[in-house]
Amino acid sequence: MCLEFIEQKIGGKRPGSTKVADLQYASPAQLRADFQLLHDNCMKYNEPGLSPYNFPPAREAAGRVLAAADAALAKIQNSRPLLAALEFANSVEHWIQCTRCSKWRRAQYEQYARLRTLPNFQCGHIPGRGCAEPCDGCAKPDGCECVA
């Protein structure tokens, strides 16, 4: 994990680009987990005497980045707009079509935020699901009749 990947997962529009990237985090906890992974990797790969990289300032910087992320997330963690947005996102049905069987699957927002970024979503990407199951939309076991 690196800051560039976290930035990509936050989404939004980049300077010089007309494309708006999708937000891939479904909660502040998911964003915090990536900052923790960034910190843990930095500690592991810059451990004095044990790591070939051994760059102590990186360890200090990783601690400061994690502390800054925690401080920023603490300010919004229980904000009414964020909680309302997450409540709304979880109340809406999210649909994604399998590239293998063409069946449509419902997904909770937390799953959907991750699944929609996959280049070739397949039913098996949802835990406990598979292409052999009927379509969630039309309930047909074979040959989905849903309109895309």
# chains A, B, ... in the order shown; residues from 1 in each chain; ligands from 1

call {"tool": "residues_around", "arguments": {"residues": "Leu115 in chain A", "least_positions_apart": "2", "cutoff": "12 Å", "atoms": "only C-alpha atoms", "output": "PyMOL selection string"}}
result
chain A and resi 22-26+94-98+105-113+117-127

call {"tool": "residues_around", "arguments": {"residues": "Pro134 in chain A", "least_positions_apart": "5", "cutoff": "9 Å", "atoms": "only C-alpha atoms", "output": "PyMOL selection string"}}
result
chain A and resi 103+139-142+144

call {"tool": "residues_around", "arguments": {"residues": "range 31-42 of chain A", "least_positions_apart": "6", "cutoff": "9 Å", "atoms": "only C-alpha atoms", "output": "list of chain:residue names"}}
result
A:Met1, A:Cys2, A:Leu3, A:Ile6, A:Lys9, A:Ile10, A:Tyr25, A:Ala58, A:Arg59, A:Ala61, A:Ala62, A:Gly63, A:Val65, A:Leu66, A:Ala69, A:Asp70, A:Leu73

call {"tool": "select_by_dssp", "arguments": {"residues": "chain A", "states": "strand (DSSP E)", "output": "PyMOL selection string"}}
result
chain A and resi 12-13+20-21+94-97+104-107

call {"tool": "write_last_selection", "arguments": {"atoms": "N, CA, C and O atoms", "output": "compact mmCIF listing (two decimals), in the first residue's frame"}}
result
# COMPACT_ATOMS: atom_id res chain seq x y z
N GLY A 12 -12.39 10.95 -7.31
CA GLY A 12 -12.48 12.37 -7.64
C GLY A 12 -11.85 12.66 -8.99
O GLY A 12 -11.42 11.77 -9.71
N LYS A 13 -11.79 13.92 -9.31
CA LYS A 13 -11.25 14.36 -10.59
C LYS A 13 -9.82 14.82 -10.42
O LYS A 13 -9.49 15.53 -9.48
N VAL A 20 -13.85 11.32 -13.94
CA VAL A 20 -14.01 11.35 -12.50
C VAL A 20 -13.89 9.92 -11.99
O VAL A 20 -14.66 9.04 -12.39
N ALA A 21 -12.90 9.68 -11.13
CA ALA A 21 -12.68 8.34 -10.59
C ALA A 21 -13.69 8.04 -9.49
O ALA A 21 -14.12 8.93 -8.76
N HIS A 94 -27.78 -1.73 -5.03
CA HIS A 94 -26.64 -1.59 -5.93
C HIS A 94 -26.55 -2.86 -6.76
O HIS A 94 -26.57 -3.97 -6.23
N TRP A 95 -26.46 -2.68 -8.07
CA TRP A 95 -26.47 -3.81 -8.99
C TRP A 95 -25.18 -3.84 -9.79
O TRP A 95 -24.66 -2.81 -10.18
N ILE A 96 -24.72 -5.05 -10.04
CA ILE A 96 -23.51 -5.23 -10.84
C ILE A 96 -23.69 -6.49 -11.68
O ILE A 96 -24.23 -7.49 -11.21
N GLN A 97 -23.27 -6.43 -12.95
CA GLN A 97 -23.47 -7.54 -13.87
C GLN A 97 -22.20 -8.36 -14.02
O GLN A 97 -21.11 -7.83 -14.22
N TRP A 104 -27.27 -10.47 -13.17
CA TRP A 104 -27.15 -9.30 -12.32
C TRP A 104 -27.17 -9.73 -10.86
O TRP A 104 -27.92 -10.61 -10.47
N ARG A 105 -26.33 -9.06 -10.06
CA ARG A 105 -26.24 -9.36 -8.63
C ARG A 105 -26.45 -8.09 -7.83
O ARG A 105 -26.01 -7.01 -8.19
N ARG A 106 -27.19 -8.25 -6.71
CA ARG A 106 -27.35 -7.17 -5.74
C ARG A 106 -26.15 -7.21 -4.82
O ARG A 106 -25.66 -8.27 -4.47
N ALA A 107 -25.71 -6.04 -4.39
CA ALA A 107 -24.60 -5.99 -3.44
C ALA A 107 -24.82 -4.83 -2.47
O ALA A 107 -25.33 -3.78 -2.87

call {"tool": "atom_distance", "arguments": {"atom1": "CA of Glu93 in chain A", "atom2": "CA of Ser27 in chain A"}}
result
17.1 Å

call {"tool": "closest_residue", "arguments": {"among": "A:Ala29, A:Gly137, A:Arg129, A:Asn46", "to": "Asn78 in chain A", "atoms": "only C-alpha atoms"}}
result
A:Ala29

call {"tool": "atom_distance", "arguments": {"atom1": "CA of Leu86 in chain A", "atom2": "CA of Ala67 in chain A"}}
result
24.1 Å

call {"tool": "select_by_dssp", "arguments": {"residues": "range 2-142 of chain A", "states": "helix (DSSP H, G or I)", "output": "PDB file with N, CA, C and O atoms, in the first residue's frame"}}
result
ATOM      1  N   LEU A   3       0.712   5.827  -0.673  1.00  0.00           N
ATOM      2  CA  LEU A   3      -0.192   6.984  -0.702  1.00  0.00           C
ATOM      3  C   LEU A   3      -0.862   7.152  -2.061  1.00  0.00           C
ATOM      4  O   LEU A   3      -2.014   7.564  -2.143  1.00  0.00           O
ATOM      5  N   GLU A   4      -0.161   6.807  -3.132  1.00  0.00           N
ATOM      6  CA  GLU A   4      -0.740   6.930  -4.472  1.00  0.00           C
ATOM      7  C   GLU A   4      -1.974   6.026  -4.619  1.00  0.00           C
ATOM      8  O   GLU A   4      -2.982   6.436  -5.183  1.00  0.00           O
ATOM      9  N   PHE A   5      -1.908   4.810  -4.072  1.00  0.00           N
ATOM     10  CA  PHE A   5      -3.058   3.900  -4.148  1.00  0.00           C
ATOM     11  C   PHE A   5      -4.222   4.417  -3.310  1.00  0.00           C
ATOM     12  O   PHE A   5      -5.376   4.329  -3.717  1.00  0.00           O
ATOM     13  N   ILE A   6      -3.907   4.971  -2.142  1.00  0.00           N
ATOM     14  CA  ILE A   6      -4.967   5.536  -1.301  1.00  0.00           C
ATOM     15  C   ILE A   6      -5.624   6.692  -2.037  1.00  0.00           C
ATOM     16  O   ILE A   6      -6.854   6.797  -2.084  1.00  0.00           O
ATOM     17  N   GLU A   7      -4.817   7.542  -2.656  1.00  0.00           N
ATOM     18  CA  GLU A   7      -5.354   8.678  -3.415  1.00  0.00           C
ATOM     19  C   GLU A   7      -6.261   8.198  -4.550  1.00  0.00           C
ATOM     20  O   GLU A   7      -7.331   8.748  -4.783  1.00  0.00           O
ATOM     21  N   GLN A   8      -5.833   7.145  -5.254  1.00  0.00           N
ATOM     22  CA  GLN A   8      -6.658   6.599  -6.340  1.00  0.00           C
ATOM     23  C   GLN A   8      -7.983   6.068  -5.808  1.00  0.00           C
ATOM     24  O   GLN A   8      -9.023   6.237  -6.431  1.00  0.00           O
ATOM     25  N   LYS A   9      -7.946   5.419  -4.640  1.00  0.00           N
ATOM     26  CA  LYS A   9      -9.160   4.841  -4.075  1.00  0.00           C
ATOM     27  C   LYS A   9     -10.104   5.900  -3.510  1.00  0.00           C
ATOM     28  O   LYS A   9     -11.293   5.673  -3.386  1.00  0.00           O
ATOM     29  N   ILE A  10      -9.570   7.079  -3.184  1.00  0.00           N
ATOM     30  CA  ILE A  10     -10.428   8.164  -2.717  1.00  0.00           C
ATOM     31  C   ILE A  10     -11.261   8.686  -3.881  1.00  0.00           C
ATOM     32  O   ILE A  10     -12.401   9.085  -3.722  1.00  0.00           O
ATOM     33  N   PRO A  28     -15.208   5.305   6.619  1.00  0.00           N
ATOM     34  CA  PRO A  28     -13.944   5.830   7.126  1.00  0.00           C
ATOM     35  C   PRO A  28     -13.033   4.715   7.657  1.00  0.00           C
ATOM     36  O   PRO A  28     -11.813   4.812   7.575  1.00  0.00           O
ATOM     37  N   ALA A  29     -13.627   3.650   8.178  1.00  0.00           N
ATOM     38  CA  ALA A  29     -12.833   2.534   8.713  1.00  0.00           C
ATOM     39  C   ALA A  29     -12.003   1.868   7.616  1.00  0.00           C
ATOM     40  O   ALA A  29     -10.861   1.452   7.857  1.00  0.00           O
ATOM     41  N   GLN A  30     -12.550   1.769   6.408  1.00  0.00           N
ATOM     42  CA  GLN A  30     -11.788   1.179   5.305  1.00  0.00           C
ATOM     43  C   GLN A  30     -10.605   2.076   4.924  1.00  0.00           C
ATOM     44  O   GLN A  30      -9.513   1.582   4.658  1.00  0.00           O
ATOM     45  N   LEU A  31     -10.828   3.373   4.899  1.00  0.00           N
ATOM     46  CA  LEU A  31      -9.743   4.309   4.612  1.00  0.00           C
ATOM     47  C   LEU A  31      -8.673   4.221   5.700  1.00  0.00           C
ATOM     48  O   LEU A  31      -7.477   4.138   5.413  1.00  0.00           O
ATOM     49  N   ARG A  32      -9.099   4.171   6.957  1.00  0.00           N
ATOM     50  CA  ARG A  32      -8.165   4.060   8.090  1.00  0.00           C
ATOM     51  C   ARG A  32      -7.347   2.772   7.980  1.00  0.00           C
ATOM     52  O   ARG A  32      -6.149   2.736   8.256  1.00  0.00           O
ATOM     53  N   ALA A  33      -7.985   1.671   7.555  1.00  0.00           N
ATOM     54  CA  ALA A  33      -7.282   0.391   7.420  1.00  0.00           C
ATOM     55  C   ALA A  33      -6.155   0.489   6.394  1.00  0.00           C
ATOM     56  O   ALA A  33      -5.076  -0.091   6.593  1.00  0.00           O
ATOM     57  N   ASP A  34      -6.370   1.219   5.311  1.00  0.00           N
ATOM     58  CA  ASP A  34      -5.307   1.377   4.310  1.00  0.00           C
ATOM     59  C   ASP A  34      -4.162   2.235   4.844  1.00  0.00           C
ATOM     60  O   ASP A  34      -2.991   1.959   4.575  1.00  0.00           O
ATOM     61  N   PHE A  35      -4.481   3.271   5.630  1.00  0.00           N
ATOM     62  CA  PHE A  35      -3.414   4.061   6.243  1.00  0.00           C
ATOM     63  C   PHE A  35      -2.633   3.209   7.247  1.00  0.00           C
ATOM     64  O   PHE A  35      -1.417   3.323   7.349  1.00  0.00           O
ATOM     65  N   GLN A  36      -3.329   2.325   7.964  1.00  0.00           N
ATOM     66  CA  GLN A  36      -2.644   1.437   8.902  1.00  0.00           C
ATOM     67  C   GLN A  36      -1.713   0.481   8.156  1.00  0.00           C
ATOM     68  O   GLN A  36      -0.587   0.234   8.585  1.00  0.00           O
ATOM     69  N   LEU A  37      -2.186  -0.044   7.021  1.00  0.00           N
ATOM     70  CA  LEU A  37      -1.357  -0.940   6.219  1.00  0.00           C
ATOM     71  C   LEU A  37      -0.120  -0.203   5.692  1.00  0.00           C
ATOM     72  O   LEU A  37       0.991  -0.749   5.708  1.00  0.00           O
ATOM     73  N   LEU A  38      -0.307   1.023   5.249  1.00  0.00           N
ATOM     74  CA  LEU A  38       0.819   1.846   4.802  1.00  0.00           C
ATOM     75  C   LEU A  38       1.846   1.980   5.937  1.00  0.00           C
ATOM     76  O   LEU A  38       3.045   1.769   5.744  1.00  0.00           O
ATOM     77  N   HIS A  39       1.363   2.299   7.121  1.00  0.00           N
ATOM     78  CA  HIS A  39       2.227   2.440   8.297  1.00  0.00           C
ATOM     79  C   HIS A  39       2.939   1.129   8.606  1.00  0.00           C
ATOM     80  O   HIS A  39       4.156   1.088   8.801  1.00  0.00           O
ATOM     81  N   ASP A  40       2.192   0.031   8.659  1.00  0.00           N
ATOM     82  CA  ASP A  40       2.773  -1.273   9.009  1.00  0.00           C
ATOM     83  C   ASP A  40       3.838  -1.710   7.998  1.00  0.00           C
ATOM     84  O   ASP A  40       4.883  -2.240   8.376  1.00  0.00           O
ATOM     85  N   ASN A  41       3.567  -1.481   6.718  1.00  0.00           N
ATOM     86  CA  ASN A  41       4.557  -1.828   5.684  1.00  0.00           C
ATOM     87  C   ASN A  41       5.835  -1.007   5.855  1.00  0.00           C
ATOM     88  O   ASN A  41       6.942  -1.531   5.715  1.00  0.00           O
ATOM     89  N   CYS A  42       5.676   0.259   6.155  1.00  0.00           N
ATOM     90  CA  CYS A  42       6.837   1.121   6.334  1.00  0.00           C
ATOM     91  C   CYS A  42       7.654   0.656   7.543  1.00  0.00           C
ATOM     92  O   CYS A  42       8.886   0.612   7.491  1.00  0.00           O
ATOM     93  N   MET A  43       6.984   0.285   8.615  1.00  0.00           N
ATOM     94  CA  MET A  43       7.699  -0.196   9.803  1.00  0.00           C
ATOM     95  C   MET A  43       8.445  -1.494   9.490  1.00  0.00           C
ATOM     96  O   MET A  43       9.594  -1.680   9.883  1.00  0.00           O
ATOM     97  N   LYS A  44       7.797  -2.378   8.744  1.00  0.00           N
ATOM     98  CA  LYS A  44       8.401  -3.674   8.419  1.00  0.00           C
ATOM     99  C   LYS A  44       9.607  -3.518   7.496  1.00  0.00           C
ATOM    100  O   LYS A  44      10.658  -4.128   7.721  1.00  0.00           O
ATOM    101  N   TYR A  45       9.465  -2.722   6.457  1.00  0.00           N
ATOM    102  CA  TYR A  45      10.512  -2.637   5.443  1.00  0.00           C
ATOM    103  C   TYR A  45      11.595  -1.610   5.754  1.00  0.00           C
ATOM    104  O   TYR A  45      12.517  -1.434   4.974  1.00  0.00           O
ATOM    105  N   PRO A  56      15.356   5.009   8.585  1.00  0.00           N
ATOM    106  CA  PRO A  56      14.625   5.439   9.785  1.00  0.00           C
ATOM    107  C   PRO A  56      13.708   6.642   9.592  1.00  0.00           C
ATOM    108  O   PRO A  56      12.622   6.678  10.178  1.00  0.00           O
ATOM    109  N   PRO A  57      14.085   7.667   8.790  1.00  0.00           N
ATOM    110  CA  PRO A  57      13.145   8.790   8.619  1.00  0.00           C
ATOM    111  C   PRO A  57      11.797   8.346   8.035  1.00  0.00           C
ATOM    112  O   PRO A  57      10.777   8.968   8.304  1.00  0.00           O
ATOM    113  N   ALA A  58      11.784   7.273   7.261  1.00  0.00           N
ATOM    114  CA  ALA A  58      10.522   6.782   6.703  1.00  0.00           C
ATOM    115  C   ALA A  58       9.615   6.273   7.818  1.00  0.00           C
ATOM    116  O   ALA A  58       8.399   6.454   7.777  1.00  0.00           O
ATOM    117  N   ARG A  59      10.192   5.650   8.812  1.00  0.00           N
ATOM    118  CA  ARG A  59       9.406   5.159   9.943  1.00  0.00           C
ATOM    119  C   ARG A  59       8.768   6.323  10.699  1.00  0.00           C
ATOM    120  O   ARG A  59       7.598   6.263  11.077  1.00  0.00           O
ATOM    121  N   GLU A  60       9.531   7.383  10.891  1.00  0.00           N
ATOM    122  CA  GLU A  60       9.005   8.564  11.573  1.00  0.00           C
ATOM    123  C   GLU A  60       7.890   9.211  10.739  1.00  0.00           C
ATOM    124  O   GLU A  60       6.850   9.608  11.271  1.00  0.00           O
ATOM    125  N   ALA A  61       8.118   9.319   9.442  1.00  0.00           N
ATOM    126  CA  ALA A  61       7.121   9.916   8.551  1.00  0.00           C
ATOM    127  C   ALA A  61       5.841   9.085   8.543  1.00  0.00           C
ATOM    128  O   ALA A  61       4.738   9.635   8.553  1.00  0.00           O
ATOM    129  N   ALA A  62       5.972   7.760   8.541  1.00  0.00           N
ATOM    130  CA  ALA A  62       4.791   6.890   8.541  1.00  0.00           C
ATOM    131  C   ALA A  62       3.967   7.100   9.805  1.00  0.00           C
ATOM    132  O   ALA A  62       2.733   7.123   9.755  1.00  0.00           O
ATOM    133  N   GLY A  63       4.639   7.287  10.923  1.00  0.00           N
ATOM    134  CA  GLY A  63       3.926   7.560  12.169  1.00  0.00           C
ATOM    135  C   GLY A  63       3.184   8.884  12.118  1.00  0.00           C
ATOM    136  O   GLY A  63       2.036   8.978  12.571  1.00  0.00           O
ATOM    137  N   ARG A  64       3.811   9.893  11.522  1.00  0.00           N
ATOM    138  CA  ARG A  64       3.155  11.201  11.391  1.00  0.00           C
ATOM    139  C   ARG A  64       1.966  11.137  10.430  1.00  0.00           C
ATOM    140  O   ARG A  64       0.927  11.747  10.677  1.00  0.00           O
ATOM    141  N   VAL A  65       2.111  10.386   9.328  1.00  0.00           N
ATOM    142  CA  VAL A  65       1.008  10.249   8.365  1.00  0.00           C
ATOM    143  C   VAL A  65      -0.181   9.553   9.018  1.00  0.00           C
ATOM    144  O   VAL A  65      -1.329   9.984   8.870  1.00  0.00           O
ATOM    145  N   LEU A  66       0.091   8.473   9.768  1.00  0.00           N
ATOM    146  CA  LEU A  66      -0.998   7.758  10.439  1.00  0.00           C
ATOM    147  C   LEU A  66      -1.673   8.647  11.479  1.00  0.00           C
ATOM    148  O   LEU A  66      -2.907   8.676  11.570  1.00  0.00           O
ATOM    149  N   ALA A  67      -0.899   9.401  12.220  1.00  0.00           N
ATOM    150  CA  ALA A  67      -1.476  10.309  13.217  1.00  0.00           C
ATOM    151  C   ALA A  67      -2.322  11.391  12.544  1.00  0.00           C
ATOM    152  O   ALA A  67      -3.413  11.732  13.024  1.00  0.00           O
ATOM    153  N   ALA A  68      -1.855  11.914  11.419  1.00  0.00           N
ATOM    154  CA  ALA A  68      -2.624  12.932  10.692  1.00  0.00           C
ATOM    155  C   ALA A  68      -3.918  12.346  10.140  1.00  0.00           C
ATOM    156  O   ALA A  68      -4.977  12.985  10.194  1.00  0.00           O
ATOM    157  N   ALA A  69      -3.839  11.122   9.626  1.00  0.00           N
ATOM    158  CA  ALA A  69      -5.052  10.458   9.118  1.00  0.00           C
ATOM    159  C   ALA A  69      -6.042  10.236  10.247  1.00  0.00           C
ATOM    160  O   ALA A  69      -7.249  10.485  10.094  1.00  0.00           O
ATOM    161  N   ASP A  70      -5.553   9.785  11.386  1.00  0.00           N
ATOM    162  CA  ASP A  70      -6.437   9.575  12.543  1.00  0.00           C
ATOM    163  C   ASP A  70      -7.103  10.872  12.982  1.00  0.00           C
ATOM    164  O   ASP A  70      -8.298  10.895  13.269  1.00  0.00           O
ATOM    165  N   ALA A  71      -6.329  11.953  12.997  1.00  0.00           N
ATOM    166  CA  ALA A  71      -6.886  13.248  13.412  1.00  0.00           C
ATOM    167  C   ALA A  71      -7.961  13.719  12.431  1.00  0.00           C
ATOM    168  O   ALA A  71      -9.028  14.181  12.840  1.00  0.00           O
ATOM    169  N   ALA A  72      -7.688  13.576  11.136  1.00  0.00           N
ATOM    170  CA  ALA A  72      -8.667  13.998  10.122  1.00  0.00           C
ATOM    171  C   ALA A  72      -9.916  13.128  10.172  1.00  0.00           C
ATOM    172  O   ALA A  72     -11.040  13.640  10.081  1.00  0.00           O
ATOM    173  N   LEU A  73      -9.730  11.832  10.315  1.00  0.00           N
ATOM    174  CA  LEU A  73     -10.880  10.924  10.361  1.00  0.00           C
ATOM    175  C   LEU A  73     -11.697  11.126  11.632  1.00  0.00           C
ATOM    176  O   LEU A  73     -12.926  10.980  11.610  1.00  0.00           O
ATOM    177  N   ALA A  74     -11.046  11.463  12.744  1.00  0.00           N
ATOM    178  CA  ALA A  74     -11.768  11.702  13.994  1.00  0.00           C
ATOM    179  C   ALA A  74     -12.731  12.884  13.851  1.00  0.00           C
ATOM    180  O   ALA A  74     -13.810  12.883  14.441  1.00  0.00           O
ATOM    181  N   LYS A  75     -12.353  13.858  13.039  1.00  0.00           N
ATOM    182  CA  LYS A  75     -13.206  15.036  12.838  1.00  0.00           C
ATOM    183  C   LYS A  75     -14.478  14.705  12.060  1.00  0.00           C
ATOM    184  O   LYS A  75     -15.502  15.350  12.238  1.00  0.00           O
ATOM    185  N   ILE A  76     -14.392  13.701  11.166  1.00  0.00           N
ATOM    186  CA  ILE A  76     -15.563  13.403  10.326  1.00  0.00           C
ATOM    187  C   ILE A  76     -16.255  12.102  10.680  1.00  0.00           C
ATOM    188  O   ILE A  76     -17.348  11.837  10.208  1.00  0.00           O
ATOM    189  N   ARG A  80     -22.715  14.273  10.893  1.00  0.00           N
ATOM    190  CA  ARG A  80     -24.066  13.987  10.387  1.00  0.00           C
ATOM    191  C   ARG A  80     -24.102  13.819   8.865  1.00  0.00           C
ATOM    192  O   ARG A  80     -24.739  12.899   8.375  1.00  0.00           O
ATOM    193  N   PRO A  81     -23.419  14.687   8.093  1.00  0.00           N
ATOM    194  CA  PRO A  81     -23.458  14.500   6.635  1.00  0.00           C
ATOM    195  C   PRO A  81     -22.871  13.157   6.195  1.00  0.00           C
ATOM    196  O   PRO A  81     -23.415  12.494   5.326  1.00  0.00           O
ATOM    197  N   LEU A  82     -21.763  12.753   6.817  1.00  0.00           N
ATOM    198  CA  LEU A  82     -21.162  11.469   6.455  1.00  0.00           C
ATOM    199  C   LEU A  82     -22.081  10.317   6.822  1.00  0.00           C
ATOM    200  O   LEU A  82     -22.316   9.412   6.014  1.00  0.00           O
ATOM    201  N   LEU A  83     -22.612  10.334   8.032  1.00  0.00           N
ATOM    202  CA  LEU A  83     -23.500   9.251   8.461  1.00  0.00           C
ATOM    203  C   LEU A  83     -24.751   9.193   7.592  1.00  0.00           C
ATOM    204  O   LEU A  83     -25.215   8.108   7.232  1.00  0.00           O
ATOM    205  N   ALA A  84     -25.283  10.355   7.222  1.00  0.00           N
ATOM    206  CA  ALA A  84     -26.457  10.383   6.351  1.00  0.00           C
ATOM    207  C   ALA A  84     -26.124   9.834   4.975  1.00  0.00           C
ATOM    208  O   ALA A  84     -26.903   9.073   4.393  1.00  0.00           O
ATOM    209  N   ALA A  85     -24.951  10.189   4.449  1.00  0.00           N
ATOM    210  CA  ALA A  85     -24.544   9.686   3.128  1.00  0.00           C
ATOM    211  C   ALA A  85     -24.355   8.178   3.156  1.00  0.00           C
ATOM    212  O   ALA A  85     -24.793   7.473   2.244  1.00  0.00           O
ATOM    213  N   LEU A  86     -23.718   7.655   4.197  1.00  0.00           N
ATOM    214  CA  LEU A  86     -23.529   6.205   4.304  1.00  0.00           C
ATOM    215  C   LEU A  86     -24.851   5.487   4.501  1.00  0.00           C
ATOM    216  O   LEU A  86     -25.083   4.414   3.930  1.00  0.00           O
ATOM    217  N   GLU A  87     -25.736   6.068   5.298  1.00  0.00           N
ATOM    218  CA  GLU A  87     -27.065   5.463   5.498  1.00  0.00           C
ATOM    219  C   GLU A  87     -27.821   5.412   4.169  1.00  0.00           C
ATOM    220  O   GLU A  87     -28.428   4.398   3.822  1.00  0.00           O
ATOM    221  N   PHE A  88     -27.763   6.502   3.412  1.00  0.00           N
ATOM    222  CA  PHE A  88     -28.426   6.513   2.110  1.00  0.00           C
ATOM    223  C   PHE A  88     -27.804   5.488   1.173  1.00  0.00           C
ATOM    224  O   PHE A  88     -28.504   4.719   0.528  1.00  0.00           O
ATOM    225  N   ALA A  89     -26.470   5.456   1.093  1.00  0.00           N
ATOM    226  CA  ALA A  89     -25.780   4.517   0.202  1.00  0.00           C
ATOM    227  C   ALA A  89     -26.141   3.082   0.530  1.00  0.00           C
ATOM    228  O   ALA A  89     -26.303   2.248  -0.363  1.00  0.00           O
ATOM    229  N   ASN A  90     -26.304   2.785   1.797  1.00  0.00           N
ATOM    230  CA  ASN A  90     -26.647   1.418   2.198  1.00  0.00           C
ATOM    231  C   ASN A  90     -28.132   1.106   2.025  1.00  0.00           C
ATOM    232  O   ASN A  90     -28.517  -0.055   2.014  1.00  0.00           O
ATOM    233  N   SER A  91     -28.964   2.134   1.876  1.00  0.00           N
ATOM    234  CA  SER A  91     -30.396   1.894   1.710  1.00  0.00           C
ATOM    235  C   SER A  91     -30.791   1.687   0.246  1.00  0.00           C
ATOM    236  O   SER A  91     -31.874   1.192  -0.043  1.00  0.00           O
ATOM    237  N   TYR A 109     -23.611  -1.691  -0.278  1.00  0.00           N
ATOM    238  CA  TYR A 109     -22.702  -0.636  -0.719  1.00  0.00           C
ATOM    239  C   TYR A 109     -21.251  -0.952  -0.384  1.00  0.00           C
ATOM    240  O   TYR A 109     -20.356  -0.720  -1.183  1.00  0.00           O
ATOM    241  N   GLU A 110     -21.008  -1.484   0.814  1.00  0.00           N
ATOM    242  CA  GLU A 110     -19.628  -1.769   1.212  1.00  0.00           C
ATOM    243  C   GLU A 110     -18.968  -2.745   0.239  1.00  0.00           C
ATOM    244  O   GLU A 110     -17.806  -2.598  -0.109  1.00  0.00           O
ATOM    245  N   GLN A 111     -19.720  -3.743  -0.237  1.00  0.00           N
ATOM    246  CA  GLN A 111     -19.198  -4.672  -1.249  1.00  0.00           C
ATOM    247  C   GLN A 111     -19.117  -3.978  -2.607  1.00  0.00           C
ATOM    248  O   GLN A 111     -18.134  -4.101  -3.321  1.00  0.00           O
ATOM    249  N   TYR A 112     -20.175  -3.275  -2.956  1.00  0.00           N
ATOM    250  CA  TYR A 112     -20.282  -2.649  -4.270  1.00  0.00           C
ATOM    251  C   TYR A 112     -19.153  -1.659  -4.530  1.00  0.00           C
ATOM    252  O   TYR A 112     -18.612  -1.597  -5.636  1.00  0.00           O
ATOM    253  N   ALA A 113     -18.775  -0.894  -3.502  1.00  0.00           N
ATOM    254  CA  ALA A 113     -17.700   0.088  -3.661  1.00  0.00           C
ATOM    255  C   ALA A 113     -16.419  -0.582  -4.142  1.00  0.00           C
ATOM    256  O   ALA A 113     -15.668  -0.018  -4.936  1.00  0.00           O
ATOM    257  N   ARG A 114     -16.176  -1.800  -3.688  1.00  0.00           N
ATOM    258  CA  ARG A 114     -14.983  -2.544  -4.114  1.00  0.00           C
ATOM    259  C   ARG A 114     -15.229  -3.263  -5.433  1.00  0.00           C
ATOM    260  O   ARG A 114     -14.395  -3.241  -6.336  1.00  0.00           O
ATOM    261  N   LEU A 115     -16.381  -3.897  -5.592  1.00  0.00           N
ATOM    262  CA  LEU A 115     -16.668  -4.717  -6.772  1.00  0.00           C
ATOM    263  C   LEU A 115     -16.707  -3.916  -8.069  1.00  0.00           C
ATOM    264  O   LEU A 115     -16.267  -4.391  -9.107  1.00  0.00           O
ATOM    265  N   CYS A 123     -19.572 -13.406 -10.461  1.00  0.00           N
ATOM    266  CA  CYS A 123     -20.414 -13.707  -9.302  1.00  0.00           C
ATOM    267  C   CYS A 123     -19.605 -14.185  -8.103  1.00  0.00           C
ATOM    268  O   CYS A 123     -19.903 -13.844  -6.960  1.00  0.00           O
ATOM    269  N   GLY A 124     -18.568 -14.972  -8.354  1.00  0.00           N
ATOM    270  CA  GLY A 124     -17.744 -15.510  -7.282  1.00  0.00           C
ATOM    271  C   GLY A 124     -16.980 -14.472  -6.485  1.00  0.00           C
ATOM    272  O   GLY A 124     -16.453 -14.780  -5.413  1.00  0.00           O
ATOM    273  N   HIS A 125     -16.940 -13.229  -6.964  1.00  0.00           N
ATOM    274  CA  HIS A 125     -16.290 -12.171  -6.200  1.00  0.00           C
ATOM    275  C   HIS A 125     -17.120 -11.774  -4.979  1.00  0.00           C
ATOM    276  O   HIS A 125     -16.609 -11.121  -4.075  1.00  0.00           O
TER     277      HIS A 125
END

call {"tool": "atom_distance", "arguments": {"atom1": "CA of Gln77 in chain A", "atom2": "CA of Arg116 in chain A"}}
result
24.2 Å

call {"tool": "closest_residue", "arguments": {"among": "A:Pro52, A:Ser102, A:Glu47, A:Ser79", "to": "Glu145 in chain A", "atoms": "only C-alpha atoms"}}
result
A:Ser102
